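Content type CSV, C-alpha atoms (C1' of nucleotides), from the file protein.csv:
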```csv
chain,number,residue,atom,x,y,z
E,1,MET,CA,-14.4,-1.9,10.6
E,2,SER,CA,-12.0,-1.4,13.5
E,3,ASP,CA,-10.6,2.0,14.3
E,4,LEU,CA,-7.2,1.0,13.0
E,5,ALA,CA,-8.7,-0.2,9.7
E,6,ALA,CA,-10.5,3.2,9.4
E,7,ALA,CA,-7.2,5.0,9.8
E,8,LEU,CA,-5.4,2.7,7.4
E,9,ASP,CA,-8.2,3.3,4.9
E,10,ILE,CA,-7.1,7.0,4.8
E,11,VAL,CA,-3.4,6.9,5.4
E,12,GLY,CA,-2.6,3.3,4.7
E,13,ALA,CA,-1.9,3.7,1.0
E,14,ARG,CA,1.7,3.8,-0.2
E,15,TRP,CA,3.3,7.2,0.3
E,16,ALA,CA,0.4,8.7,2.2
E,17,LEU,CA,2.0,8.8,5.6
E,18,LEU,CA,5.3,10.0,4.2
E,19,ILE,CA,3.6,12.9,2.5
E,20,VAL,CA,1.9,13.8,5.8
E,21,GLU,CA,5.2,13.5,7.6
E,22,ARG,CA,6.8,15.9,5.2
E,23,LEU,CA,4.0,18.4,5.6
E,24,LEU,CA,4.5,18.4,9.4
E,25,ASP,CA,7.4,20.8,8.7
E,26,GLY,CA,5.0,23.2,7.2
E,27,PRO,CA,3.2,23.7,3.8
E,28,GLN,CA,5.1,22.4,0.8
E,29,ARG,CA,4.6,22.7,-2.9
E,30,TYR,CA,4.0,19.8,-5.3
E,31,GLY,CA,7.5,19.9,-6.8
E,32,ASP,CA,9.1,20.0,-3.3
E,33,LEU,CA,7.2,16.9,-2.2
E,34,GLN,CA,8.1,15.1,-5.4
E,35,ARG,CA,11.8,15.8,-5.1
E,36,ASP,CA,12.1,15.3,-1.3
E,37,LEU,CA,10.2,12.0,-1.3
E,38,GLY,CA,11.0,10.6,-4.7
E,39,VAL,CA,7.4,9.7,-5.2
E,40,PRO,CA,6.2,9.2,-8.8
E,41,THR,CA,4.2,12.2,-9.9
E,42,ASN,CA,1.0,10.4,-10.7
E,43,MET,CA,1.0,8.8,-7.3
E,44,LEU,CA,1.6,12.1,-5.7
E,45,ALA,CA,-1.3,13.7,-7.5
E,46,THR,CA,-3.5,10.8,-6.6
E,47,ARG,CA,-2.5,10.8,-2.9
E,48,LEU,CA,-2.9,14.5,-2.6
E,49,ARG,CA,-6.4,14.3,-4.0
E,50,GLU,CA,-7.3,11.5,-1.6
E,51,LEU,CA,-5.8,13.1,1.4
E,52,GLU,CA,-7.6,16.4,0.6
E,53,ALA,CA,-10.9,14.5,0.1
E,54,ALA,CA,-10.3,12.9,3.5
E,55,GLY,CA,-9.8,16.3,5.1
E,56,VAL,CA,-6.1,15.6,6.0
E,57,LEU,CA,-4.7,18.5,3.9
E,58,LEU,CA,-5.8,21.3,1.8
E,59,ARG,CA,-4.5,23.4,-1.1
E,60,LEU,CA,-3.4,26.9,-0.6
E,61,PRO,CA,-3.2,28.9,-3.8
E,62,LEU,CA,0.0,30.9,-4.0
E,63,ARG,CA,0.9,33.4,-6.7
E,64,HIS,CA,1.3,32.3,-10.3
E,65,ASN,CA,0.2,28.8,-11.0
E,66,THR,CA,1.8,27.5,-7.9
E,67,ARG,CA,0.0,26.2,-4.8
E,68,ALA,CA,1.1,24.8,-1.4
E,69,TYR,CA,-0.3,21.8,0.4
E,70,ALA,CA,-0.9,22.2,4.1
E,71,LEU,CA,-2.2,19.9,6.8
E,72,THR,CA,-5.5,20.6,8.4
E,73,ASP,CA,-6.1,20.0,12.1
E,74,ARG,CA,-7.0,16.5,11.3
E,75,GLY,CA,-3.7,16.1,9.4
E,76,LEU,CA,-1.7,17.7,12.2
E,77,ALA,CA,-3.3,15.2,14.6
E,78,LEU,CA,-1.3,12.5,12.9
E,79,ARG,CA,1.9,13.9,14.3
E,80,GLU,CA,1.9,11.6,17.3
E,81,ALA,CA,1.2,8.5,15.3
E,82,ILE,CA,4.0,9.4,12.9
E,83,VAL,CA,6.5,10.1,15.7
E,84,VAL,CA,5.7,6.9,17.5
E,85,LEU,CA,5.8,4.8,14.4
E,86,GLY,CA,9.1,6.5,13.4
E,87,ASN,CA,10.6,5.7,16.7
E,88,TRP,CA,9.6,2.1,16.3
E,89,GLY,CA,11.3,2.0,12.9
E,90,LYS,CA,14.5,3.5,14.3
E,91,ASN,CA,15.0,0.8,16.9
E,92,ASP,CA,16.9,-2.3,15.8
E,93,ALA,CA,16.1,-4.5,18.8
Y,1,MET,CA,15.6,6.3,4.3
Y,2,SER,CA,13.8,8.0,7.2
Y,3,ASP,CA,12.7,6.2,10.3
Y,4,LEU,CA,9.1,6.3,9.2
Y,5,ALA,CA,10.0,4.9,5.9
Y,6,ALA,CA,11.9,2.1,7.6
Y,7,ALA,CA,8.8,1.3,9.8
Y,8,LEU,CA,6.5,1.3,6.8
Y,9,ASP,CA,8.9,-1.0,4.9
Y,10,ILE,CA,8.0,-3.6,7.6
Y,11,VAL,CA,4.5,-2.9,8.6
Y,12,GLY,CA,3.3,-0.7,5.7
Y,13,ALA,CA,2.0,-3.5,3.5
Y,14,ARG,CA,-1.7,-4.1,3.3
Y,15,TRP,CA,-3.0,-6.2,6.3
Y,16,ALA,CA,0.3,-6.1,8.2
Y,17,LEU,CA,-0.7,-3.8,10.9
Y,18,LEU,CA,-4.1,-5.4,11.2
Y,19,ILE,CA,-2.5,-8.7,11.8
Y,20,VAL,CA,-0.2,-7.3,14.4
Y,21,GLU,CA,-3.2,-5.6,16.1
Y,22,ARG,CA,-5.0,-8.9,16.3
Y,23,LEU,CA,-2.0,-10.6,17.8
Y,24,LEU,CA,-1.8,-8.0,20.6
Y,25,ASP,CA,-4.6,-10.0,22.2
Y,26,GLY,CA,-2.4,-13.0,22.4
Y,27,PRO,CA,-1.2,-15.7,20.0
Y,28,GLN,CA,-3.6,-16.7,17.3
Y,29,ARG,CA,-3.8,-19.5,14.8
Y,30,TYR,CA,-3.8,-19.2,11.1
Y,31,GLY,CA,-7.5,-19.9,10.6
Y,32,ASP,CA,-8.4,-17.5,13.4
Y,33,LEU,CA,-6.6,-14.6,11.8
Y,34,GLN,CA,-8.1,-15.5,8.4
Y,35,ARG,CA,-11.7,-15.5,9.8
Y,36,ASP,CA,-11.3,-12.5,12.1
Y,37,LEU,CA,-9.7,-10.3,9.6
Y,38,GLY,CA,-11.2,-11.5,6.3
Y,39,VAL,CA,-7.8,-11.5,4.8
Y,40,PRO,CA,-7.2,-13.6,1.7
Y,41,THR,CA,-5.3,-16.7,2.6
Y,42,ASN,CA,-2.4,-16.2,0.2
Y,43,MET,CA,-1.9,-12.7,1.5
Y,44,LEU,CA,-2.0,-13.9,5.1
Y,45,ALA,CA,0.6,-16.5,4.4
Y,46,THR,CA,2.8,-13.9,2.7
Y,47,ARG,CA,2.5,-11.4,5.5
Y,48,LEU,CA,3.1,-13.9,8.2
Y,49,ARG,CA,6.3,-14.9,6.4
Y,50,GLU,CA,7.4,-11.3,6.0
Y,51,LEU,CA,6.6,-10.3,9.6
Y,52,GLU,CA,8.4,-13.4,10.9
Y,53,ALA,CA,11.5,-12.5,8.8
Y,54,ALA,CA,11.3,-9.0,10.2
Y,55,GLY,CA,11.3,-10.3,13.7
Y,56,VAL,CA,7.9,-9.0,14.5
Y,57,LEU,CA,6.3,-12.4,15.2
Y,58,LEU,CA,7.2,-16.0,15.5
Y,59,ARG,CA,5.6,-19.4,15.0
Y,60,LEU,CA,4.8,-21.5,18.0
Y,61,PRO,CA,4.2,-25.2,17.2
Y,62,LEU,CA,1.1,-26.5,18.9
Y,63,ARG,CA,0.1,-30.1,18.9
Y,64,HIS,CA,-0.9,-31.9,15.6
Y,65,ASN,CA,-0.3,-29.8,12.6
Y,66,THR,CA,-1.4,-26.6,14.1
Y,67,ARG,CA,0.7,-23.6,15.2
Y,68,ALA,CA,0.1,-20.3,16.8
Y,69,TYR,CA,1.5,-16.9,15.7
Y,70,ALA,CA,2.8,-14.7,18.5
Y,71,LEU,CA,4.4,-11.3,18.7
Y,72,THR,CA,8.0,-10.9,19.6
Y,73,ASP,CA,9.1,-8.0,21.8
Y,74,ARG,CA,9.7,-6.1,18.7
Y,75,GLY,CA,6.1,-6.8,17.6
Y,76,LEU,CA,4.7,-5.9,21.0
Y,77,ALA,CA,6.5,-2.6,20.8
Y,78,LEU,CA,4.1,-1.7,18.0
Y,79,ARG,CA,1.2,-1.5,20.5
Y,80,GLU,CA,1.6,2.2,21.2
Y,81,ALA,CA,1.7,3.0,17.5
Y,82,ILE,CA,-1.4,0.9,16.8
Y,83,VAL,CA,-3.3,2.5,19.7
Y,84,VAL,CA,-2.4,6.0,18.6
Y,85,LEU,CA,-3.3,5.4,15.0
Y,86,GLY,CA,-6.5,3.7,16.0
Y,87,ASN,CA,-7.5,6.7,18.1
Y,88,TRP,CA,-6.8,8.9,15.2
Y,89,GLY,CA,-9.0,6.8,13.0
Y,90,LYS,CA,-11.8,6.9,15.6
Y,91,ASN,CA,-12.1,10.6,15.6
Y,92,ASP,CA,-14.3,12.3,13.1
Y,93,ALA,CA,-13.1,15.9,13.6
T,1,DC,C1',2.8,40.3,-29.6
T,2,DG,C1',5.2,35.6,-29.2
T,3,DA,C1',8.8,32.3,-28.1
T,4,DC,C1',10.4,30.6,-23.9
T,5,DC,C1',10.3,28.6,-19.3
T,6,DA,C1',8.7,26.9,-14.8
T,7,DT,C1',5.2,24.6,-12.3
T,8,DG,C1',1.6,21.3,-11.6
T,9,DC,C1',-0.3,18.1,-13.1
T,10,DT,C1',-2.5,14.0,-16.8
T,11,DT,C1',-2.0,10.0,-19.8
T,12,DG,C1',-0.4,5.5,-21.7
T,13,DC,C1',1.4,1.5,-20.7
T,14,DA,C1',4.5,-2.0,-18.2
T,15,DA,C1',5.4,-4.2,-13.8
T,16,DA,C1',4.1,-5.5,-9.3
T,17,DA,C1',0.9,-6.3,-5.6
T,18,DT,C1',-3.5,-8.0,-4.3
T,19,DG,C1',-7.7,-11.0,-4.4
T,20,DC,C1',-10.4,-15.1,-5.5
T,21,DA,C1',-11.0,-20.0,-6.0
T,22,DA,C1',-9.4,-24.3,-6.2
T,23,DG,C1',-6.0,-27.6,-5.0
T,24,DT,C1',-2.2,-29.8,-2.0
T,25,DA,C1',0.0,-31.8,2.2
T,26,DG,C1',0.3,-33.4,6.9
T,27,DC,C1',-1.8,-35.2,10.9
T,28,DC,C1',-5.3,-37.5,13.7
T,29,DA,C1',-9.7,-40.1,14.7
T,30,DC,C1',-12.3,-43.7,13.5
B,1,DG,C1',-7.5,-46.4,4.7
B,2,DT,C1',-11.0,-43.1,4.5
B,3,DG,C1',-12.6,-38.7,6.1
B,4,DG,C1',-12.0,-34.4,8.3
B,5,DC,C1',-9.4,-30.6,10.1
B,6,DT,C1',-5.7,-27.3,9.6
B,7,DA,C1',-2.3,-24.8,7.2
B,8,DC,C1',-1.0,-23.5,3.6
B,9,DT,C1',0.2,-23.2,-2.2
B,10,DT,C1',-1.0,-22.3,-6.9
B,11,DG,C1',-3.1,-20.3,-11.2
B,12,DC,C1',-5.1,-16.6,-12.9
B,13,DA,C1',-8.0,-12.0,-13.0
B,14,DT,C1',-8.1,-7.4,-11.1
B,15,DT,C1',-6.1,-3.5,-9.0
B,16,DT,C1',-2.3,-0.7,-7.6
B,17,DT,C1',2.0,1.3,-8.5
B,18,DG,C1',5.8,3.1,-11.3
B,19,DC,C1',8.1,5.1,-15.4
B,20,DA,C1',8.2,8.3,-19.1
B,21,DA,C1',6.3,11.4,-21.9
B,22,DG,C1',2.9,14.9,-22.8
B,23,DC,C1',-0.4,18.9,-21.7
B,24,DA,C1',-2.1,23.2,-19.5
B,25,DT,C1',-1.6,27.5,-17.3
B,26,DG,C1',0.6,31.7,-16.1
B,27,DG,C1',4.7,34.6,-16.0
B,28,DT,C1',9.0,36.6,-18.3
B,29,DC,C1',11.6,38.7,-21.6
B,30,DG,C1',12.6,40.4,-26.2
```
Kindly return the structure encoded in the file as structure tokens.
Amino acid sequence: MSDLAAALDIVGARWALLIVERLLDGPQRYGDLQRDLGVPTNMLATRLRELEAAGVLLRLPLRHNTRAYALTDRGLALREAIVVLGNWGKNDA
Amino acid sequence: MSDLAAALDIVGARWALLIVERLLDGPQRYGDLQRDLGVPTNMLATRLRELEAAGVLLRLPLRHNTRAYALTDRGLALREAIVVLGNWGKNDA
DNA sequence: CGACCATGCTTGCAAAATGCAAGTAGCCAC
DNA sequence: GTGGCTACTTGCATTTTGCAAGCATGGTCG
């Protein structure tokens, strides 16, 4: 499996990169991600589980029954890829 | 829709980025892509149609009934994104 | 205490995407 | 005109995604 295929295995699923992009701004709660991204709740739960298992993010318990999702170093390392891909998407030519 | 979402709309589908990566080495024929990537033939046909429609690649007629698929400038502009994402996938930390 | 409410999910089921296998179509060599 | 090579298409099973509704936990307020 090529390096690219390995990467896509982790962040290639639908919504995965968008979730990570949102977390680049700092830790977010479940409801925030859901509302900001418009991702279906079952998909969000599934992706967060997968991304946590892959070491891209982790759960931070907050007070009450709330928690925040924050990127690990491995997750933060996706910033450049997200920026570059975003720039590509912005260009029309 | 964010820039990243726009990019994923084009190259976010399964196999799409892997096809583009393969074409970075130069034009390839249908059968080559199929064998090298192990992508199902109906998916390959679908993706090539979508990527052509998106202006990422184009068909070059060769002799007989063969053709080659080659990246456009827009497609070549994905090189950096693919390299960066590949590097991320390579790292274990 | 107990009815309410917010948050973070899980569950059931329909729709869409993906994958596998087999078949079709055009072209050339013989 | 038969056979082989290439590039697909087609039918159908499996998997993924999406929508809507429900459940669990903990706090709040009377």
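Distances to chain B were evaluated for Y:Ile19, Y:Ala53, Y:Ala70, Y:Leu33 using all atoms listed in the file, and the minimum falls at Y:Leu33.
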Reference chain E, mobile chain Y, all Cα atoms fitted, written as a JSON list (two decimals) with C-alpha atoms, in the coordinates of the input:
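Once written, selection-v2.json looks like this:
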```
[["chain", "number", "residue", "atom", "x", "y", "z"],
["Y", 1, "MET", "CA", -14.44, -1.93, 10.57],
["Y", 2, "SER", "CA", -12.06, -1.30, 13.49],
["Y", 3, "ASP", "CA", -10.58, 2.05, 14.27],
["Y", 4, "LEU", "CA", -7.22, 0.98, 12.95],
["Y", 5, "ALA", "CA", -8.75, -0.20, 9.80],
["Y", 6, "ALA", "CA", -10.53, 3.13, 9.41],
["Y", 7, "ALA", "CA", -7.16, 5.00, 9.90],
["Y", 8, "LEU", "CA", -5.41, 2.79, 7.38],
["Y", 9, "ASP", "CA", -8.24, 3.32, 4.87],
["Y", 10, "ILE", "CA", -7.08, 7.00, 4.85],
["Y", 11, "VAL", "CA", -3.42, 6.94, 5.44],
["Y", 12, "GLY", "CA", -2.58, 3.27, 4.69],
["Y", 13, "ALA", "CA", -1.87, 3.71, 0.99],
["Y", 14, "ARG", "CA", 1.70, 3.76, -0.18],
["Y", 15, "TRP", "CA", 3.34, 7.25, 0.28],
["Y", 16, "ALA", "CA", 0.42, 8.70, 2.26],
["Y", 17, "LEU", "CA", 2.02, 8.81, 5.58],
["Y", 18, "LEU", "CA", 5.31, 9.95, 4.12],
["Y", 19, "ILE", "CA", 3.61, 12.86, 2.56],
["Y", 20, "VAL", "CA", 1.88, 13.78, 5.75],
["Y", 21, "GLU", "CA", 5.24, 13.51, 7.61],
["Y", 22, "ARG", "CA", 6.81, 15.92, 5.19],
["Y", 23, "LEU", "CA", 4.00, 18.39, 5.59],
["Y", 24, "LEU", "CA", 4.46, 18.43, 9.39],
["Y", 25, "ASP", "CA", 7.34, 20.79, 8.68],
["Y", 26, "GLY", "CA", 5.01, 23.25, 7.14],
["Y", 27, "PRO", "CA", 3.24, 23.65, 3.80],
["Y", 28, "GLN", "CA", 5.08, 22.36, 0.79],
["Y", 29, "ARG", "CA", 4.66, 22.67, -2.93],
["Y", 30, "TYR", "CA", 4.05, 19.92, -5.35],
["Y", 31, "GLY", "CA", 7.56, 19.83, -6.81],
["Y", 32, "ASP", "CA", 9.08, 19.95, -3.33],
["Y", 33, "LEU", "CA", 7.24, 16.87, -2.18],
["Y", 34, "GLN", "CA", 8.08, 15.09, -5.46],
["Y", 35, "ARG", "CA", 11.85, 15.81, -5.08],
["Y", 36, "ASP", "CA", 12.05, 15.23, -1.32],
["Y", 37, "LEU", "CA", 10.21, 12.03, -1.32],
["Y", 38, "GLY", "CA", 11.04, 10.54, -4.73],
["Y", 39, "VAL", "CA", 7.45, 9.74, -5.22],
["Y", 40, "PRO", "CA", 6.19, 9.19, -8.75],
["Y", 41, "THR", "CA", 4.26, 12.18, -9.92],
["Y", 42, "ASN", "CA", 1.04, 10.37, -10.79],
["Y", 43, "MET", "CA", 1.01, 8.75, -7.38],
["Y", 44, "LEU", "CA", 1.63, 12.08, -5.67],
["Y", 45, "ALA", "CA", -1.22, 13.67, -7.51],
["Y", 46, "THR", "CA", -3.49, 10.76, -6.56],
["Y", 47, "ARG", "CA", -2.56, 10.85, -2.91],
["Y", 48, "LEU", "CA", -2.86, 14.55, -2.61],
["Y", 49, "ARG", "CA", -6.38, 14.26, -4.03],
["Y", 50, "GLU", "CA", -7.28, 11.45, -1.66],
["Y", 51, "LEU", "CA", -5.82, 13.13, 1.44],
["Y", 52, "GLU", "CA", -7.58, 16.40, 0.54],
["Y", 53, "ALA", "CA", -10.92, 14.51, 0.20],
["Y", 54, "ALA", "CA", -10.25, 12.92, 3.55],
["Y", 55, "GLY", "CA", -9.75, 16.26, 5.14],
["Y", 56, "VAL", "CA", -6.18, 15.63, 6.02],
["Y", 57, "LEU", "CA", -4.72, 18.47, 3.92],
["Y", 58, "LEU", "CA", -5.80, 21.35, 1.82],
["Y", 59, "ARG", "CA", -4.54, 23.37, -1.13],
["Y", 60, "LEU", "CA", -3.39, 26.89, -0.58],
["Y", 61, "PRO", "CA", -3.19, 28.99, -3.78],
["Y", 62, "LEU", "CA", 0.06, 30.89, -3.99],
["Y", 63, "ARG", "CA", 0.80, 33.43, -6.62],
["Y", 64, "HIS", "CA", 1.10, 32.41, -10.37],
["Y", 65, "ASN", "CA", 0.15, 28.87, -10.95],
["Y", 66, "THR", "CA", 1.70, 27.50, -7.88],
["Y", 67, "ARG", "CA", 0.02, 26.22, -4.69],
["Y", 68, "ALA", "CA", 1.11, 24.88, -1.40],
["Y", 69, "TYR", "CA", -0.22, 21.76, 0.38],
["Y", 70, "ALA", "CA", -0.88, 22.16, 4.09],
["Y", 71, "LEU", "CA", -2.18, 19.94, 6.83],
["Y", 72, "THR", "CA", -5.55, 20.51, 8.36],
["Y", 73, "ASP", "CA", -6.06, 19.99, 12.09],
["Y", 74, "ARG", "CA", -7.04, 16.53, 11.29],
["Y", 75, "GLY", "CA", -3.74, 16.04, 9.42],
["Y", 76, "LEU", "CA", -1.72, 17.62, 12.21],
["Y", 77, "ALA", "CA", -3.30, 15.21, 14.64],
["Y", 78, "LEU", "CA", -1.36, 12.48, 12.86],
["Y", 79, "ARG", "CA", 1.93, 13.85, 14.28],
["Y", 80, "GLU", "CA", 1.91, 11.67, 17.38],
["Y", 81, "ALA", "CA", 1.24, 8.56, 15.32],
["Y", 82, "ILE", "CA", 4.03, 9.40, 12.86],
["Y", 83, "VAL", "CA", 6.49, 10.09, 15.69],
["Y", 84, "VAL", "CA", 5.66, 6.86, 17.46],
["Y", 85, "LEU", "CA", 5.90, 4.77, 14.34],
["Y", 86, "GLY", "CA", 9.10, 6.47, 13.35],
["Y", 87, "ASN", "CA", 10.64, 5.67, 16.72],
["Y", 88, "TRP", "CA", 9.61, 2.13, 16.29],
["Y", 89, "GLY", "CA", 11.26, 2.00, 12.92],
["Y", 90, "LYS", "CA", 14.46, 3.52, 14.36],
["Y", 91, "ASN", "CA", 15.00, 0.81, 16.84],
["Y", 92, "ASP", "CA", 16.86, -2.28, 15.86],
["Y", 93, "ALA", "CA", 16.01, -4.47, 18.88]]
```
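Within a radius of 6 Å around (-5.0, -8.7, -6.4), the polymer residues are DT18 and DG19 of chain T; DT14 and DT15 of chain B, counting only C-alpha atoms (C1' of nucleotides).
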Select, as a PDB file with C-alpha atoms, in the frame of the given file, those residues of chain Y with any atom no more than 8 Å from chain T (distances computed using all atoms listed in the file).
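Dumped everything to selection_19.pdb:
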```pdb
ATOM      1  CA  PRO Y  40      -7.200 -13.600   1.700  1.00  0.00           C
ATOM      2  CA  MET Y  43      -1.900 -12.700   1.500  1.00  0.00           C
ATOM      3  CA  HIS Y  64      -0.900 -31.900  15.600  1.00  0.00           C
ATOM      4  CA  ASN Y  65      -0.300 -29.800  12.600  1.00  0.00           C
TER       5      ASN Y  65
END
```
At most 9 Å to chain Y: residues in chain E, all atoms listed in the file, as a VMD selection string: chain E and resid 2 to 10 12 to 14 17 to 18 21 73 to 74 77 to 78 80 to 93
Give the residues of chain B that lie within 9 Å of chain Y; count only C-alpha atoms (C1' of nucleotides), and format the answer as a PyMOL selection string. chain B and resi 6-9
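Pairwise distance (CA of Leu76 in chain E, CA of Val56 in chain E) equals 7.9 Å.
Coordinates place CA of Gln28 in chain E at a distance of 5.2 Å from CA of Ala68 in chain E.
Between CA of Ala54 in chain E and CA of Arg22 in chain E the separation is 17.4 Å.
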